file upload_5.cif (mmCIF, C-alpha atoms)
data_target
loop_
_atom_site.label_atom_id
_atom_site.label_comp_id
_atom_site.auth_asym_id
_atom_site.auth_seq_id
_atom_site.Cartn_x
_atom_site.Cartn_y
_atom_site.Cartn_z
CA MET A 1274 60.53 108.97 123.37
CA ILE A 1275 62.02 111.92 121.45
CA GLU A 1276 62.18 113.92 124.70
CA GLN A 1277 64.03 111.06 126.39
CA ILE A 1278 66.56 110.84 123.56
CA SER A 1279 67.11 114.60 123.55
CA ALA A 1280 67.56 114.51 127.37
CA ILE A 1281 70.22 111.81 126.94
CA ILE A 1282 71.97 113.79 124.22
CA ASN A 1283 71.75 117.06 126.13
CA MET A 1284 72.73 115.62 129.54
CA ASP A 1285 71.68 118.74 131.47
CA GLY A 1286 73.69 120.97 129.16
CA ASN A 1287 76.85 118.82 129.59
CA GLY A 1288 76.29 116.60 126.56
CA LEU A 1289 79.06 118.19 124.54
CA TYR A 1290 81.65 117.39 127.24
CA VAL A 1291 80.52 113.78 127.79
CA TRP A 1292 80.07 112.90 124.11
CA SER A 1293 83.35 114.45 123.06
CA CYS A 1294 85.09 112.27 125.69
CA LEU A 1295 83.36 109.20 124.27
CA PHE A 1296 84.36 110.21 120.75
CA ILE A 1297 88.02 110.62 121.82
CA LEU A 1298 87.94 107.18 123.48
CA PHE A 1299 86.55 105.39 120.42
CA PHE A 1300 88.75 107.33 117.99
CA ILE A 1301 92.00 106.49 119.81
CA ILE A 1302 91.01 102.86 120.40
CA GLY A 1303 89.99 102.65 116.72
CA ILE A 1304 93.50 103.75 115.65
CA ASN A 1305 94.95 101.05 117.94
CA PHE A 1306 92.78 98.46 116.20
CA TYR A 1307 93.68 99.65 112.72
CA LEU A 1308 97.48 99.89 113.01
CA PRO A 1309 98.40 96.25 113.87
CA ASN A 1310 95.99 95.00 111.20
CA ARG A 1311 97.63 97.26 108.62
CA LYS A 1312 101.07 95.92 109.61
CA LEU A 1313 99.91 92.32 109.27
CA LYS A 1314 98.28 92.98 105.89
CA LYS A 1315 101.48 94.61 104.61
CA ILE A 1316 103.61 91.59 105.58
CA TYR A 1317 100.97 89.27 104.16
CA LYS A 1318 101.09 91.09 100.80
CA GLU A 1319 104.92 91.07 100.80
CA ASN A 1320 104.90 87.37 101.57
CA LYS A 1321 102.42 86.66 98.82
CA ALA A 1322 104.45 88.66 96.28
CA LYS A 1323 107.59 86.77 97.28
CA GLY A 1324 105.84 83.43 96.84
CA GLN A 1325 104.65 84.21 93.31
CA MET B 612 98.80 71.53 142.70
CA ASN B 613 102.15 70.47 141.25
CA LYS B 614 100.41 69.51 138.00
CA ILE B 615 98.77 72.95 137.68
CA TRP B 616 102.08 74.68 138.39
CA ASN B 617 103.85 72.56 135.75
CA TYR B 618 101.07 73.34 133.26
CA ILE B 619 101.39 77.11 133.89
CA LYS B 620 105.20 76.87 133.64
CA ASN B 621 105.03 74.97 130.35
CA TRP B 622 102.46 77.43 128.99
CA PHE B 623 104.78 80.35 129.75
CA ILE B 624 107.73 78.54 128.13
CA GLU B 625 105.62 77.79 125.03
CA MET B 626 104.43 81.42 124.80
CA GLY B 627 108.08 82.49 124.72
CA SER B 628 108.32 80.95 121.26
CA PRO B 629 107.00 83.31 118.51
CA PRO B 630 105.48 80.58 116.24
CA LEU B 631 103.69 78.91 119.16
CA PHE B 632 102.43 82.28 120.41
CA PHE B 633 101.10 83.15 116.93
CA LYS B 634 99.31 79.81 116.62
CA TRP B 635 97.82 80.04 120.13
CA SER B 636 96.76 83.68 119.70
CA SER B 637 94.96 82.89 116.41
CA LYS B 638 92.69 80.57 118.39
CA ILE B 639 92.14 82.89 121.35
CA LEU B 640 91.71 86.18 119.42
CA PRO B 641 88.05 85.81 118.26
CA TRP B 642 86.96 84.93 121.82
CA LEU B 643 88.94 87.76 123.32
CA LEU B 644 87.47 90.15 120.74
CA PHE B 645 83.91 89.12 121.58
CA ILE B 646 84.31 89.12 125.39
CA SER B 647 86.33 92.35 125.62
CA ILE B 648 84.08 94.39 123.34
CA SER B 649 80.93 93.08 125.09
CA VAL B 650 82.16 93.93 128.61
CA PHE B 651 83.55 97.29 127.43
CA ILE B 652 80.28 98.34 125.74
CA VAL B 653 78.04 97.09 128.58
CA GLY B 654 80.18 98.92 131.18
CA LEU B 655 80.05 102.17 129.22
CA LEU B 656 76.30 101.91 128.55
CA TRP B 657 75.62 101.20 132.23
CA GLY B 658 77.76 104.11 133.36
CA LEU B 659 76.61 106.62 130.75
CA PHE B 660 72.89 105.85 130.70
CA TYR B 661 71.77 103.89 133.75
CA SER B 662 73.83 105.17 136.69
CA PRO B 663 72.22 107.95 138.74
CA THR B 664 73.08 111.62 138.26
CA ASP B 665 75.55 113.11 140.73
CA TYR B 666 73.92 115.68 143.05
CA LYS B 667 76.89 118.05 142.86
CA GLN B 668 78.28 117.73 139.31
CA GLY B 669 75.16 116.61 137.46
CA ASP B 670 75.62 114.46 134.35
CA VAL B 671 79.13 115.68 133.58
CA TYR B 672 80.47 113.32 136.29
CA ARG B 673 79.78 110.46 133.81
CA ILE B 674 83.15 111.26 132.24
CA ILE B 675 84.51 109.28 135.24
CA TYR B 676 83.59 106.05 133.39
CA ILE B 677 86.07 106.95 130.64
CA HIS B 678 88.65 109.06 132.47
CA VAL B 679 89.42 106.98 135.59
CA PRO B 680 89.78 103.54 133.90
CA SER B 681 91.97 105.14 131.18
CA ALA B 682 94.21 106.86 133.74
CA ILE B 683 94.66 103.75 135.90
CA LEU B 684 95.20 101.57 132.82
CA GLY B 685 97.83 103.99 131.51
CA GLN B 686 99.76 103.53 134.78
CA SER B 687 99.16 99.76 134.97
CA ILE B 688 100.51 99.31 131.45
CA PHE B 689 103.70 101.09 132.46
CA MET B 690 104.12 98.74 135.44
CA PHE B 691 103.56 95.80 133.10
CA MET B 692 106.21 97.22 130.76
CA ALA B 693 108.69 97.55 133.63
CA ILE B 694 108.17 93.85 134.49
CA CYS B 695 108.73 92.95 130.81
CA GLY B 696 111.82 95.17 130.84
CA PHE B 697 113.16 93.33 133.89
CA ILE B 698 112.57 89.94 132.21
CA THR B 699 114.25 91.19 129.01
CA MET B 700 117.30 92.44 130.91
CA VAL B 701 117.71 89.44 133.25
CA TRP B 702 116.58 86.40 131.25
CA ARG B 703 116.83 87.83 127.70
CA VAL B 704 113.46 86.31 126.74
CA LYS B 705 112.85 87.36 123.14
CA ILE B 706 109.09 87.75 123.40
CA SER B 707 109.21 89.93 126.54
CA GLY B 708 111.05 92.62 124.55
CA MET B 709 108.37 92.38 121.86
CA LEU B 710 105.67 92.59 124.56
CA LEU B 711 107.27 95.72 125.97
CA LYS B 712 107.43 97.33 122.54
CA SER B 713 103.83 96.33 121.74
CA ALA B 714 102.42 97.65 125.03
CA ALA B 715 104.02 101.12 124.71
CA PRO B 716 101.64 102.63 122.08
CA ILE B 717 98.61 101.25 123.95
CA GLY B 718 99.83 102.76 127.22
CA ALA B 719 100.50 106.08 125.48
CA SER B 720 97.00 105.98 123.97
CA PHE B 721 95.24 105.42 127.30
CA THR B 722 97.36 108.08 129.01
CA LEU B 723 96.44 110.49 126.20
CA ILE B 724 92.74 109.59 126.62
CA ALA B 725 93.08 110.27 130.39
CA LEU B 726 94.75 113.65 129.73
CA LEU B 727 92.22 114.77 127.11
CA THR B 728 89.11 113.59 128.97
CA GLY B 729 90.48 115.05 132.22
CA SER B 730 90.98 118.35 130.47
CA ILE B 731 87.41 118.27 129.10
CA TRP B 732 86.08 117.37 132.57
CA GLY B 733 88.10 120.22 134.09
CA LYS B 734 86.36 122.89 132.03
CA PRO B 735 82.84 122.60 133.57
CA THR B 736 84.05 121.60 137.06
CA TRP B 737 87.21 123.68 137.62
CA GLY B 738 86.50 126.38 135.05
CA THR B 739 89.72 125.69 133.13
CA TRP B 740 91.01 123.17 130.58
CA TRP B 741 94.42 122.78 132.20
CA VAL B 742 96.34 123.68 135.36
CA TRP B 743 99.96 122.83 136.14
CA ASP B 744 98.79 120.75 139.05
CA ALA B 745 100.97 117.87 140.41
CA ARG B 746 98.64 115.07 139.23
CA LEU B 747 98.15 116.51 135.75
CA THR B 748 101.81 117.37 135.25
CA SER B 749 103.05 113.96 136.44
CA THR B 750 100.58 112.23 134.10
CA LEU B 751 101.81 114.42 131.25
CA ILE B 752 105.38 113.33 132.10
CA LEU B 753 104.21 109.70 131.93
CA PHE B 754 102.87 110.38 128.44
CA PHE B 755 106.24 111.89 127.42
CA ILE B 756 108.06 108.80 128.79
CA TYR B 757 105.81 106.60 126.64
CA ALA B 758 106.55 108.81 123.63
CA ALA B 759 110.30 108.59 124.38
CA ILE B 760 110.10 104.78 124.55
CA ILE B 761 108.28 104.57 121.20
CA GLY B 762 110.71 107.03 119.58
CA LEU B 763 113.82 105.34 121.01
CA HIS B 764 112.75 101.90 119.81
CA SER B 765 112.03 103.07 116.28
CA SER B 766 115.36 104.92 116.09
CA ILE B 767 117.50 101.79 116.73
CA ASP B 768 117.76 99.36 113.81
CA ASP B 769 118.98 96.35 115.81
CA LYS B 770 115.73 95.29 117.51
CA THR B 771 117.47 93.28 120.26
CA LYS B 772 119.45 96.37 121.25
CA ALA B 773 116.31 98.51 120.93
CA ASP B 774 114.45 96.14 123.29
CA ARG B 775 117.22 96.44 125.87
CA ALA B 776 117.32 100.23 125.55
CA ILE B 777 113.58 100.60 126.16
CA SER B 778 113.80 98.05 129.01
CA ILE B 779 116.21 100.39 130.79
CA VAL B 780 113.96 103.42 130.17
CA SER B 781 110.90 101.56 131.47
CA LEU B 782 112.79 100.36 134.58
CA VAL B 783 113.98 103.89 135.33
CA GLY B 784 110.70 105.52 134.31
CA ILE B 785 108.68 103.38 136.76
CA ALA B 786 109.59 105.97 139.42
CA ILE B 787 106.86 108.22 137.94
CA ILE B 788 104.07 105.81 139.00
CA PRO B 789 104.27 106.34 142.81
CA ILE B 790 104.69 110.06 142.13
CA ILE B 791 101.43 110.13 140.13
CA LYS B 792 99.67 108.00 142.75
CA LYS B 793 100.83 110.09 145.72
CA SER B 794 100.76 113.50 144.00
CA VAL B 795 97.30 114.28 145.42
CA ASP B 796 98.55 113.55 148.97
CA TRP B 797 102.02 115.09 148.78
CA TRP B 798 101.03 118.38 147.14
CA GLN B 799 98.03 120.69 147.32
CA THR B 800 96.24 119.97 144.09
CA LEU B 801 93.05 120.93 142.32
CA HIS B 802 92.62 117.29 141.38
CA GLN B 803 90.37 115.25 143.65
CA PRO B 804 91.90 112.48 145.86
CA SER B 805 92.20 108.96 144.40
CA THR B 806 88.89 107.34 143.42
CA PHE B 807 90.21 103.93 144.44
CA SER B 808 91.89 102.91 147.65
CA LEU B 809 92.73 99.43 148.90
CA THR B 810 92.45 100.48 152.54
CA SER B 811 89.15 102.39 152.60
CA ALA B 812 85.60 101.92 151.37
CA PRO B 813 84.62 103.69 148.12
CA SER B 814 83.16 107.18 148.54
CA MET B 815 80.63 106.53 145.73
CA THR B 816 77.28 104.79 146.07
CA PRO B 817 77.15 101.17 144.80
CA ASP B 818 74.98 102.08 141.79
CA MET B 819 77.70 104.47 140.62
CA TYR B 820 80.60 102.26 141.71
CA GLN B 821 79.48 98.98 140.13
CA PRO B 822 79.43 100.27 136.52
CA LEU B 823 82.84 101.79 137.17
CA LEU B 824 84.19 98.38 138.20
CA LEU B 825 82.72 96.86 135.02
CA CYS B 826 84.33 99.65 132.98
CA PHE B 827 87.66 98.75 134.60
CA LEU B 828 87.25 95.14 133.59
CA GLY B 829 86.24 96.18 130.05
CA PHE B 830 89.24 98.51 129.68
CA TYR B 831 91.67 95.84 130.92
CA LEU B 832 90.17 93.31 128.51
CA ILE B 833 90.48 95.82 125.64
CA PHE B 834 94.14 96.23 126.64
CA ALA B 835 94.59 92.42 126.51
CA LEU B 836 93.00 92.37 123.06
CA LEU B 837 95.05 95.27 121.67
CA LEU B 838 98.24 93.83 123.17
CA THR B 839 97.60 90.44 121.54
CA MET B 840 96.95 92.14 118.18
CA ASN B 841 100.05 94.35 118.46
CA LEU B 842 102.24 91.47 119.58
CA ARG B 843 101.08 89.28 116.69
CA ALA B 844 101.97 92.07 114.24
CA GLU B 845 105.33 92.65 115.94
CA VAL B 846 106.19 88.93 115.90
CA VAL B 847 105.37 88.69 112.18
CA VAL B 848 107.33 91.86 111.31
CA ARG B 849 110.45 90.60 113.12
CA GLU B 850 110.22 87.04 111.85
CA LYS B 851 108.93 87.79 108.33
CA ASN B 852 111.82 85.94 106.68
CA ARG B 853 111.26 82.76 108.68
CA SER B 854 109.49 79.84 107.02
CA TRP B 855 106.86 79.54 109.79
CA VAL B 856 105.45 82.99 108.86
CA SER B 857 104.74 81.96 105.25
CA LYS B 858 103.29 78.68 106.54
CA GLN B 859 100.98 80.51 108.94
CA PHE B 860 99.74 82.81 106.17
CA LEU B 861 99.12 79.79 103.94
CA ASP B 862 97.12 78.19 106.76
CA LEU B 863 95.08 81.38 107.17
CA GLU B 864 94.32 81.42 103.43
CA ARG B 865 92.87 77.89 103.61
#
call {"tool": "encode", "arguments": {"input": "upload_5.cif", "output": "structure tokens"}}
result
Amino acid sequence: MIEQISAIINMDGNGLYVWSCLFILFFIIGINFYLPNRKLKKIYKENKAKGQ
Amino acid sequence: MNKIWNYIKNWFIEMGSPPLFFKWSSKILPWLLFISISVFIVGLLWGLFYSPTDYKQGDVYRIIYIHVPSAILGQSIFMFMAICGFITMVWRVKISGMLLKSAAPIGASFTLIALLTGSIWGKPTWGTWWVWDARLTSTLILFFIYAAIIGLHSSIDDKTKADRAISIVSLVGIAIIPIIKKSVDWWQTLHQPSTFSLTSAPSMTPDMYQPLLLCFLGFYLIFALLLTMNLRAEVVVREKNRSWVSKQFLDLER
């Protein structure tokens, strides 16, 4: 089991290349998820403050 | 047939209205979130863990499941933006300008992912991070066009004028897409020929090709999700002083 996991992580010595690509993908998509939500929250707070 | 056509036409007209779009997207968003993330994760898991190892490149070829869908999506988004730009210029549909503006950062992100992952893939296969090869350079130009569109829009205060300005840039900038596509045929490049062709059978085996197709679907669905989220934020930012925005927020609170 541990050998299998380490083989997946190592990927024949190419693990660093493959995993860094996956990290870049999730990091950039994560930013794209965060930004519109932040914008909406900001307007929501402004709207709430105006209503009070 | 006529009924279906009328339904589609009415749906498009309704989606042109910001309040109706916001209401409709609130219903569709949870489903889209679930479906897109599921397909995206399954596609990546299949490609990264269950597809066979390439006899020539070994496991490093698995970057294809990230790099190729990102690169093609980056170009598809630009084509989508050019269509939105055309609609904005010809019919002056308010929401198409917002769509164009919302798609630009997503397109830039996927083009950046394609550039970075391509560079990482280049190191073990070509022995270098970067070469000024026709495919790489034209993709870098596409990224700069995206950056110019984002910068131009944020520098103009009048958002209607800003929409028209970026519509023109996207209509002119579309010329880069056939250049990227044909760069591997027109010039001698280090980059391999296109992975996908409509006229010939894939050069990969089905057990490598099928996860790639699922990754494509997952990436396109993620684009649909991010575009819906961005467009909702854009609609609310532009219409924040309208009564329907406060009403929508009140409804969300309940």
call {"tool": "atom_distance", "arguments": {"input": "upload_5.cif", "atom1": "atom CA of B:Gln859", "atom2": "atom CA of B:Leu640"}}
result
15.1 Å
call {"tool": "resolve_selection", "arguments": {"input": "upload_5.cif", "expression": "the PyMOL selection byres ((chain B and resi 681-693) around 8)", "output": "ChimeraX atom specification"}}
result
/B:677-680,694-697,710-711,714-715,717-722,724-726,778,781-782,785,788,830-831
call {"tool": "atom_distance", "arguments": {"input": "upload_5.cif", "atom1": "atom CA of A:Lys1321", "atom2": "atom CA of B:Ala844"}}
result
16.3 Å
call {"tool": "closest_atom_pairs", "arguments": {"input": "upload_5.cif", "of": "chain B", "to": "chain A", "cutoff": "6 Å", "atoms": "only C-alpha atoms", "output": "CSV"}}
result
residue,atom,partner,partner_atom,distance
B:Asp670,CA,A:Met1284,CA,5.7
B:Val671,CA,A:Asn1287,CA,5.6
B:Ile674,CA,A:Val1291,CA,5.8
B:Thr728,CA,A:Cys1294,CA,5.4
B:Asn841,CA,A:Pro1309,CA,5.2
B:Ala844,CA,A:Leu1313,CA,5.4
call {"tool": "atom_distance", "arguments": {"input": "upload_5.cif", "atom1": "atom CA of B:Ile779", "atom2": "atom CA of B:Lys620"}}
result
26.1 Å
call {"tool": "resolve_selection", "arguments": {"input": "upload_5.cif", "expression": "the PyMOL selection byres ((chain B and resi 818) around 12)", "output": "ChimeraX atom specification"}}
result
/B:657-658,660-665,813-817,819-825
call {"tool": "resolve_selection", "arguments": {"input": "upload_5.cif", "expression": "the PyMOL selection byres ((chain B and resi 734-748) around 9)", "output": "ChimeraX atom specification"}}
result
/A:1287,1290 /B:668,671,726,729-733,749-753,790-795,797-802
call {"tool": "write_last_selection", "arguments": {"input": "upload_5.cif", "atoms": "C-alpha atoms", "output": "compact mmCIF listing (two decimals), keeping the file's coordinate frame"}}
result
# COMPACT_ATOMS: atom_id res chain seq x y z
CA ASN A 1287 76.85 118.82 129.59
CA TYR A 1290 81.65 117.39 127.24
CA GLN B 668 78.28 117.73 139.31
CA VAL B 671 79.13 115.68 133.58
CA LEU B 726 94.75 113.65 129.73
CA GLY B 729 90.48 115.05 132.22
CA SER B 730 90.98 118.35 130.47
CA ILE B 731 87.41 118.27 129.10
CA TRP B 732 86.08 117.37 132.57
CA GLY B 733 88.10 120.22 134.09
CA SER B 749 103.05 113.96 136.44
CA THR B 750 100.58 112.23 134.10
CA LEU B 751 101.81 114.42 131.25
CA ILE B 752 105.38 113.33 132.10
CA LEU B 753 104.21 109.70 131.93
CA ILE B 790 104.69 110.06 142.13
CA ILE B 791 101.43 110.13 140.13
CA LYS B 792 99.67 108.00 142.75
CA LYS B 793 100.83 110.09 145.72
CA SER B 794 100.76 113.50 144.00
CA VAL B 795 97.30 114.28 145.42
CA TRP B 797 102.02 115.09 148.78
CA TRP B 798 101.03 118.38 147.14
CA GLN B 799 98.03 120.69 147.32
CA THR B 800 96.24 119.97 144.09
CA LEU B 801 93.05 120.93 142.32
CA HIS B 802 92.62 117.29 141.38
call {"tool": "axis_aligned_box", "arguments": {"input": "upload_5.cif", "around": "stretch 1309-1325 of chain A", "padding_each_side": "8 Å", "output": "AutoDock Vina command-line options"}}
result
--center_x 101.8 --center_y 90.3 --center_z 103.6 --size_x 27.6 --size_y 29.8 --size_z 36.6
call {"tool": "build_atoms", "arguments": {"input": "upload_5.cif", "residues": "stretch 676-710 of chain B", "atoms": "N, CA and C atoms", "output": "PDB file, in the coordinates of the input"}}
result
ATOM      1  N   TYR B 676      83.593 107.408 133.931  1.00  0.00           N
ATOM      2  CA  TYR B 676      83.590 106.050 133.390  1.00  0.00           C
ATOM      3  C   TYR B 676      84.560 105.890 132.217  1.00  0.00           C
ATOM      4  N   ILE B 677      85.064 106.989 131.707  1.00  0.00           N
ATOM      5  CA  ILE B 677      86.070 106.950 130.640  1.00  0.00           C
ATOM      6  C   ILE B 677      87.423 107.370 131.229  1.00  0.00           C
ATOM      7  N   HIS B 678      87.409 108.448 131.995  1.00  0.00           N
ATOM      8  CA  HIS B 678      88.650 109.060 132.470  1.00  0.00           C
ATOM      9  C   HIS B 678      89.409 108.174 133.487  1.00  0.00           C
ATOM     10  N   VAL B 679      88.723 107.720 134.524  1.00  0.00           N
ATOM     11  CA  VAL B 679      89.420 106.980 135.590  1.00  0.00           C
ATOM     12  C   VAL B 679      89.975 105.626 135.096  1.00  0.00           C
ATOM     13  N   PRO B 680      89.176 104.786 134.394  1.00  0.00           N
ATOM     14  CA  PRO B 680      89.780 103.540 133.900  1.00  0.00           C
ATOM     15  C   PRO B 680      90.961 103.787 132.954  1.00  0.00           C
ATOM     16  N   SER B 681      90.863 104.838 132.107  1.00  0.00           N
ATOM     17  CA  SER B 681      91.970 105.140 131.180  1.00  0.00           C
ATOM     18  C   SER B 681      93.225 105.522 131.949  1.00  0.00           C
ATOM     19  N   ALA B 682      93.057 106.383 132.971  1.00  0.00           N
ATOM     20  CA  ALA B 682      94.210 106.860 133.740  1.00  0.00           C
ATOM     21  C   ALA B 682      94.888 105.703 134.481  1.00  0.00           C
ATOM     22  N   ILE B 683      94.072 104.860 135.133  1.00  0.00           N
ATOM     23  CA  ILE B 683      94.660 103.750 135.900  1.00  0.00           C
ATOM     24  C   ILE B 683      95.277 102.726 134.947  1.00  0.00           C
ATOM     25  N   LEU B 684      94.633 102.503 133.799  1.00  0.00           N
ATOM     26  CA  LEU B 684      95.200 101.570 132.820  1.00  0.00           C
ATOM     27  C   LEU B 684      96.522 102.093 132.269  1.00  0.00           C
ATOM     28  N   GLY B 685      96.586 103.381 132.005  1.00  0.00           N
ATOM     29  CA  GLY B 685      97.830 103.990 131.510  1.00  0.00           C
ATOM     30  C   GLY B 685      98.989 103.730 132.473  1.00  0.00           C
ATOM     31  N   GLN B 686      98.711 103.791 133.770  1.00  0.00           N
ATOM     32  CA  GLN B 686      99.760 103.530 134.780  1.00  0.00           C
ATOM     33  C   GLN B 686     100.036 102.033 134.903  1.00  0.00           C
ATOM     34  N   SER B 687      98.973 101.221 134.853  1.00  0.00           N
ATOM     35  CA  SER B 687      99.160  99.760 134.970  1.00  0.00           C
ATOM     36  C   SER B 687     100.011  99.233 133.815  1.00  0.00           C
ATOM     37  N   ILE B 688      99.758  99.767 132.621  1.00  0.00           N
ATOM     38  CA  ILE B 688     100.510  99.310 131.450  1.00  0.00           C
ATOM     39  C   ILE B 688     102.007  99.611 131.633  1.00  0.00           C
ATOM     40  N   PHE B 689     102.285 100.755 132.246  1.00  0.00           N
ATOM     41  CA  PHE B 689     103.700 101.090 132.460  1.00  0.00           C
ATOM     42  C   PHE B 689     104.348 100.109 133.442  1.00  0.00           C
ATOM     43  N   MET B 690     103.592  99.717 134.477  1.00  0.00           N
ATOM     44  CA  MET B 690     104.120  98.740 135.440  1.00  0.00           C
ATOM     45  C   MET B 690     104.354  97.400 134.742  1.00  0.00           C
ATOM     46  N   PHE B 691     103.428  97.038 133.880  1.00  0.00           N
ATOM     47  CA  PHE B 691     103.560  95.800 133.100  1.00  0.00           C
ATOM     48  C   PHE B 691     104.817  95.869 132.222  1.00  0.00           C
ATOM     49  N   MET B 692     105.029  97.041 131.620  1.00  0.00           N
ATOM     50  CA  MET B 692     106.210  97.220 130.760  1.00  0.00           C
ATOM     51  C   MET B 692     107.502  97.117 131.564  1.00  0.00           C
ATOM     52  N   ALA B 693     107.484  97.635 132.796  1.00  0.00           N
ATOM     53  CA  ALA B 693     108.690  97.550 133.630  1.00  0.00           C
ATOM     54  C   ALA B 693     109.006  96.097 133.968  1.00  0.00           C
ATOM     55  N   ILE B 694     107.951  95.295 134.204  1.00  0.00           N
ATOM     56  CA  ILE B 694     108.170  93.850 134.490  1.00  0.00           C
ATOM     57  C   ILE B 694     108.761  93.179 133.242  1.00  0.00           C
ATOM     58  N   CYS B 695     108.192  93.507 132.065  1.00  0.00           N
ATOM     59  CA  CYS B 695     108.730  92.950 130.810  1.00  0.00           C
ATOM     60  C   CYS B 695     110.182  93.383 130.619  1.00  0.00           C
ATOM     61  N   GLY B 696     110.460  94.636 130.956  1.00  0.00           N
ATOM     62  CA  GLY B 696     111.820  95.170 130.840  1.00  0.00           C
ATOM     63  C   GLY B 696     112.776  94.402 131.734  1.00  0.00           C
ATOM     64  N   PHE B 697     112.344  94.091 132.945  1.00  0.00           N
ATOM     65  CA  PHE B 697     113.160  93.330 133.890  1.00  0.00           C
ATOM     66  C   PHE B 697     113.456  91.932 133.320  1.00  0.00           C
ATOM     67  N   ILE B 698     112.398  91.295 132.791  1.00  0.00           N
ATOM     68  CA  ILE B 698     112.570  89.940 132.210  1.00  0.00           C
ATOM     69  C   ILE B 698     113.527  89.994 131.014  1.00  0.00           C
ATOM     70  N   THR B 699     113.376  91.041 130.184  1.00  0.00           N
ATOM     71  CA  THR B 699     114.250  91.190 129.010  1.00  0.00           C
ATOM     72  C   THR B 699     115.714  91.354 129.442  1.00  0.00           C
ATOM     73  N   MET B 700     115.925  92.164 130.475  1.00  0.00           N
ATOM     74  CA  MET B 700     117.300  92.440 130.910  1.00  0.00           C
ATOM     75  C   MET B 700     117.924  91.240 131.619  1.00  0.00           C
ATOM     76  N   VAL B 701     117.137  90.528 132.438  1.00  0.00           N
ATOM     77  CA  VAL B 701     117.710  89.440 133.250  1.00  0.00           C
ATOM     78  C   VAL B 701     117.754  88.123 132.482  1.00  0.00           C
ATOM     79  N   TRP B 702     116.633  87.725 131.892  1.00  0.00           N
ATOM     80  CA  TRP B 702     116.580  86.400 131.250  1.00  0.00           C
ATOM     81  C   TRP B 702     116.687  86.459 129.721  1.00  0.00           C
ATOM     82  N   ARG B 703     116.717  87.647 129.171  1.00  0.00           N
ATOM     83  CA  ARG B 703     116.830  87.830 127.700  1.00  0.00           C
ATOM     84  C   ARG B 703     115.765  87.037 126.932  1.00  0.00           C
ATOM     85  N   VAL B 704     114.555  86.996 127.450  1.00  0.00           N
ATOM     86  CA  VAL B 704     113.460  86.310 126.740  1.00  0.00           C
ATOM     87  C   VAL B 704     113.032  87.197 125.576  1.00  0.00           C
ATOM     88  N   LYS B 705     113.093  86.583 124.359  1.00  0.00           N
ATOM     89  CA  LYS B 705     112.850  87.360 123.140  1.00  0.00           C
ATOM     90  C   LYS B 705     111.466  88.026 123.139  1.00  0.00           C
ATOM     91  N   ILE B 706     110.461  87.238 123.517  1.00  0.00           N
ATOM     92  CA  ILE B 706     109.090  87.750 123.400  1.00  0.00           C
ATOM     93  C   ILE B 706     108.777  88.849 124.432  1.00  0.00           C
ATOM     94  N   SER B 707     109.507  88.884 125.547  1.00  0.00           N
ATOM     95  CA  SER B 707     109.210  89.930 126.540  1.00  0.00           C
ATOM     96  C   SER B 707     109.601  91.310 126.004  1.00  0.00           C
ATOM     97  N   GLY B 708     110.668  91.360 125.196  1.00  0.00           N
ATOM     98  CA  GLY B 708     111.050  92.620 124.550  1.00  0.00           C
ATOM     99  C   GLY B 708     109.974  93.058 123.563  1.00  0.00           C
ATOM    100  N   MET B 709     109.434  92.066 122.834  1.00  0.00           N
ATOM    101  CA  MET B 709     108.370  92.380 121.860  1.00  0.00           C
ATOM    102  C   MET B 709     107.108  92.848 122.598  1.00  0.00           C
ATOM    103  N   LEU B 710     106.824  92.204 123.738  1.00  0.00           N
ATOM    104  CA  LEU B 710     105.670  92.590 124.560  1.00  0.00           C
ATOM    105  C   LEU B 710     105.801  94.038 125.020  1.00  0.00           C
TER     106      LEU B 710
END
